[in-house]
Amino acid sequence: MRISFFSFLLVFLSLCSFSLAQELETIDHIYDPKVETVLLFPQVSTNPVGQNAASPALTLNPPVISQDEQVPLQLEFDDLTANYRSFRARIIHCNADWQRSILNDIEFTYEYNDNPITDYQISINTKIPYYHYRFTLPRLKLPGNYVLVVYDERNRNNIIFTRRFSTYQNRLLVAAAVRFSSAPDRQFTDQQLDISINYRGYQVISPQDDFKVVIRQNFRDDRTLTGLRPTNVQAFDQVLEYRLIDLSNTMPGGNEFRFFDTRTVLSRANYIDRIDRLADRNIAYVQVDKPRNQGVYIQSDDFNGQFVIDHRETGNGATYADYIETIFTLKIPEVPDFNVYVNGAFNFWQLNDRNRMNYDALLGAYRASVLLKQGVYNYDYTVMSTSPQKKVDENYIEGSFSSTENDYEVFVYHRPPASRADQLVGYRRVSVNQRK
């Protein structure tokens, strides 16, 4: 059998792409320090509240899309080298635990799985210049978990960043309800999610064992519940109920997120103390914060930890928004044996040197400087112990209340008979204490 040179080339490139992802961590992470503001969101034309495709609020939606709807995912990011670089994008399929599956590219993609990113624009009238890149992800065959890998075209081993996303196909009926925790000592601090799965008409051998259920709070991969087992199996009605009494479906409610507005540098917006306009950059000082772990819950609107890029003067945050050195100040005594972080979706909820705060003895406060693009940001303060266990406590400074408004997602995974990987066959999004 003759094999054309073109076919041989495709096979060779596919093998190269495979080696690219072999040892890659399947997490949200930016490896290149010159790349900032990596956004991945559904590019819908109109959403339920009537926002159009150009609305910056579209980025508040998580990168989770239905296989049955023609809604692509849009990737946007900035390169602060201010020089054009050739990037390419590749997609990796993962199982329910976000470990790379054994599927070949052809099993989950319609096209060749290695795409150039050619859509870019240069920033306009910004003190910190950058190139703004866009890329629309291709359609995929299978519902499930995926990781988008962006790398340097000139060096395949130079990974720029990775981003998780999911596609689903609702072959089940998932119902979910959020309420206060059933534990008397946690009813004012925690929230409990009760779930039921109706799998009528869906082929499954052992429903109580075969379904993998994951609960995620506020689109955060560091706030998930896994390993849930059904408490009631209604075999005749083909319904599974998850009404757990061991509190494994309970999560701290947290607090409403703090926020600030830097959409303009011409004046001080919400929760900005002052703005220094230097020749080479702008510096914004967020108003001094204090702990909120004492006292009663105070209702306020937020983005549940997310952020929106925007530029008030032009309405085009993609290329007109500048990067601002943002100064955070937390007025508390020094916390021994713990590091303090300013945290949010702007850092993928990761605690690292970028968002770690340093204690200033003269100010009697913790301070951090983070380079952020203009917009409206949610954030909070988190502590992590310096011990080897690295215990993280988000409630130490912020407190936790069951009255807090939160978003929850329920993911139901199943590996169909004769399939070689987990598929996302049920997805439900539900809000609690929603007031808008």
# chains A, B, ... in the order shown; residues from 1 in each chain; ligands from 1
call {"tool": "residues_around", "arguments": {"residues": "A:Lys390", "least_positions_apart": "5", "cutoff": "10 Å", "atoms": "only C-alpha atoms", "output": "PyMOL selection string"}}
result
chain A and resi 338-339+383-385
call {"tool": "residues_around", "arguments": {"residues": "A:Ala421", "least_positions_apart": "2", "cutoff": "10 Å", "atoms": "only C-alpha atoms", "output": "MDAnalysis selection string"}}
result
chainID A and resid 93:96 100:103 142 144 413:416 418:419 423
call {"tool": "closest_residue", "arguments": {"among": "A:Glu107, A:Asp280, A:Glu313, A:Asp289", "to": "A:Thr126", "atoms": "only C-alpha atoms"}}
result
A:Asp280
call {"tool": "closest_atom_pairs", "arguments": {"of": "stretch 45-144 of chain A", "to": "stretch 402-410 of chain A", "cutoff": "12 Å", "atoms": "only C-alpha atoms", "output": "tab-separated table"}}
result
residue	atom	partner	partner_atom	distance
A:Leu60	CA	A:Asp407	CA	11.6
A:Asn61	CA	A:Asp407	CA	10.9
A:Pro62	CA	A:Glu409	CA	10.1
A:Val64	CA	A:Glu409	CA	10.1
call {"tool": "closest_residue", "arguments": {"among": "A:Phe346, A:Tyr427, A:Tyr271, A:Phe257", "to": "A:Asp380", "atoms": "only C-alpha atoms"}}
result
A:Phe257
call {"tool": "select_by_dssp", "arguments": {"residues": "stretch 228-327 of chain A", "states": "alpha helix (DSSP H)", "output": "count of residues only"}}
result
4
call {"tool": "select_by_dssp", "arguments": {"residues": "stretch 99-189 of chain A", "states": "strand (DSSP E or B)", "output": "ChimeraX atom specification"}}
result
/A:100,109,115-117,119-122,131-136,140,144-152,155-168,173-180
call {"tool": "atom_distance", "arguments": {"atom1": "atom CA of A:Arg243", "atom2": "atom CA of A:Ser181"}}
result
11.3 Å
call {"tool": "closest_residue", "arguments": {"among": "A:Phe180, A:Tyr168, A:Tyr379, A:Tyr297", "to": "A:Gln67", "atoms": "only C-alpha atoms"}}
result
A:Tyr168
call {"tool": "closest_atom_pairs", "arguments": {"of": "stretch 200-312 of chain A", "to": "stretch 21-33 of chain A", "cutoff": "12 Å", "atoms": "only C-alpha atoms", "output": "CSV"}}
result
residue,atom,partner,partner_atom,distance
A:Arg220,CA,A:Asp28,CA,10.6
A:Asp221,CA,A:Ile27,CA,9.0
A:Asp222,CA,A:Ile27,CA,10.8
call {"tool": "residues_around", "arguments": {"residues": "A:Phe303", "least_positions_apart": "2", "cutoff": "12 Å", "atoms": "only C-alpha atoms", "output": "NGL selection string"}}
result
:A and (57-62 or 218-219 or 255-260 or 300-301 or 305-308 or 344-345 or 376-380 or 405-407 or 434 or 436)
call {"tool": "residues_around", "arguments": {"residues": "stretch 203-209 of chain A", "least_positions_apart": "6", "cutoff": "12 Å", "atoms": "only C-alpha atoms", "output": "NGL selection string"}}
result
:A and (171-172 or 196-197 or 227-235 or 238-242 or 412-418 or 425)
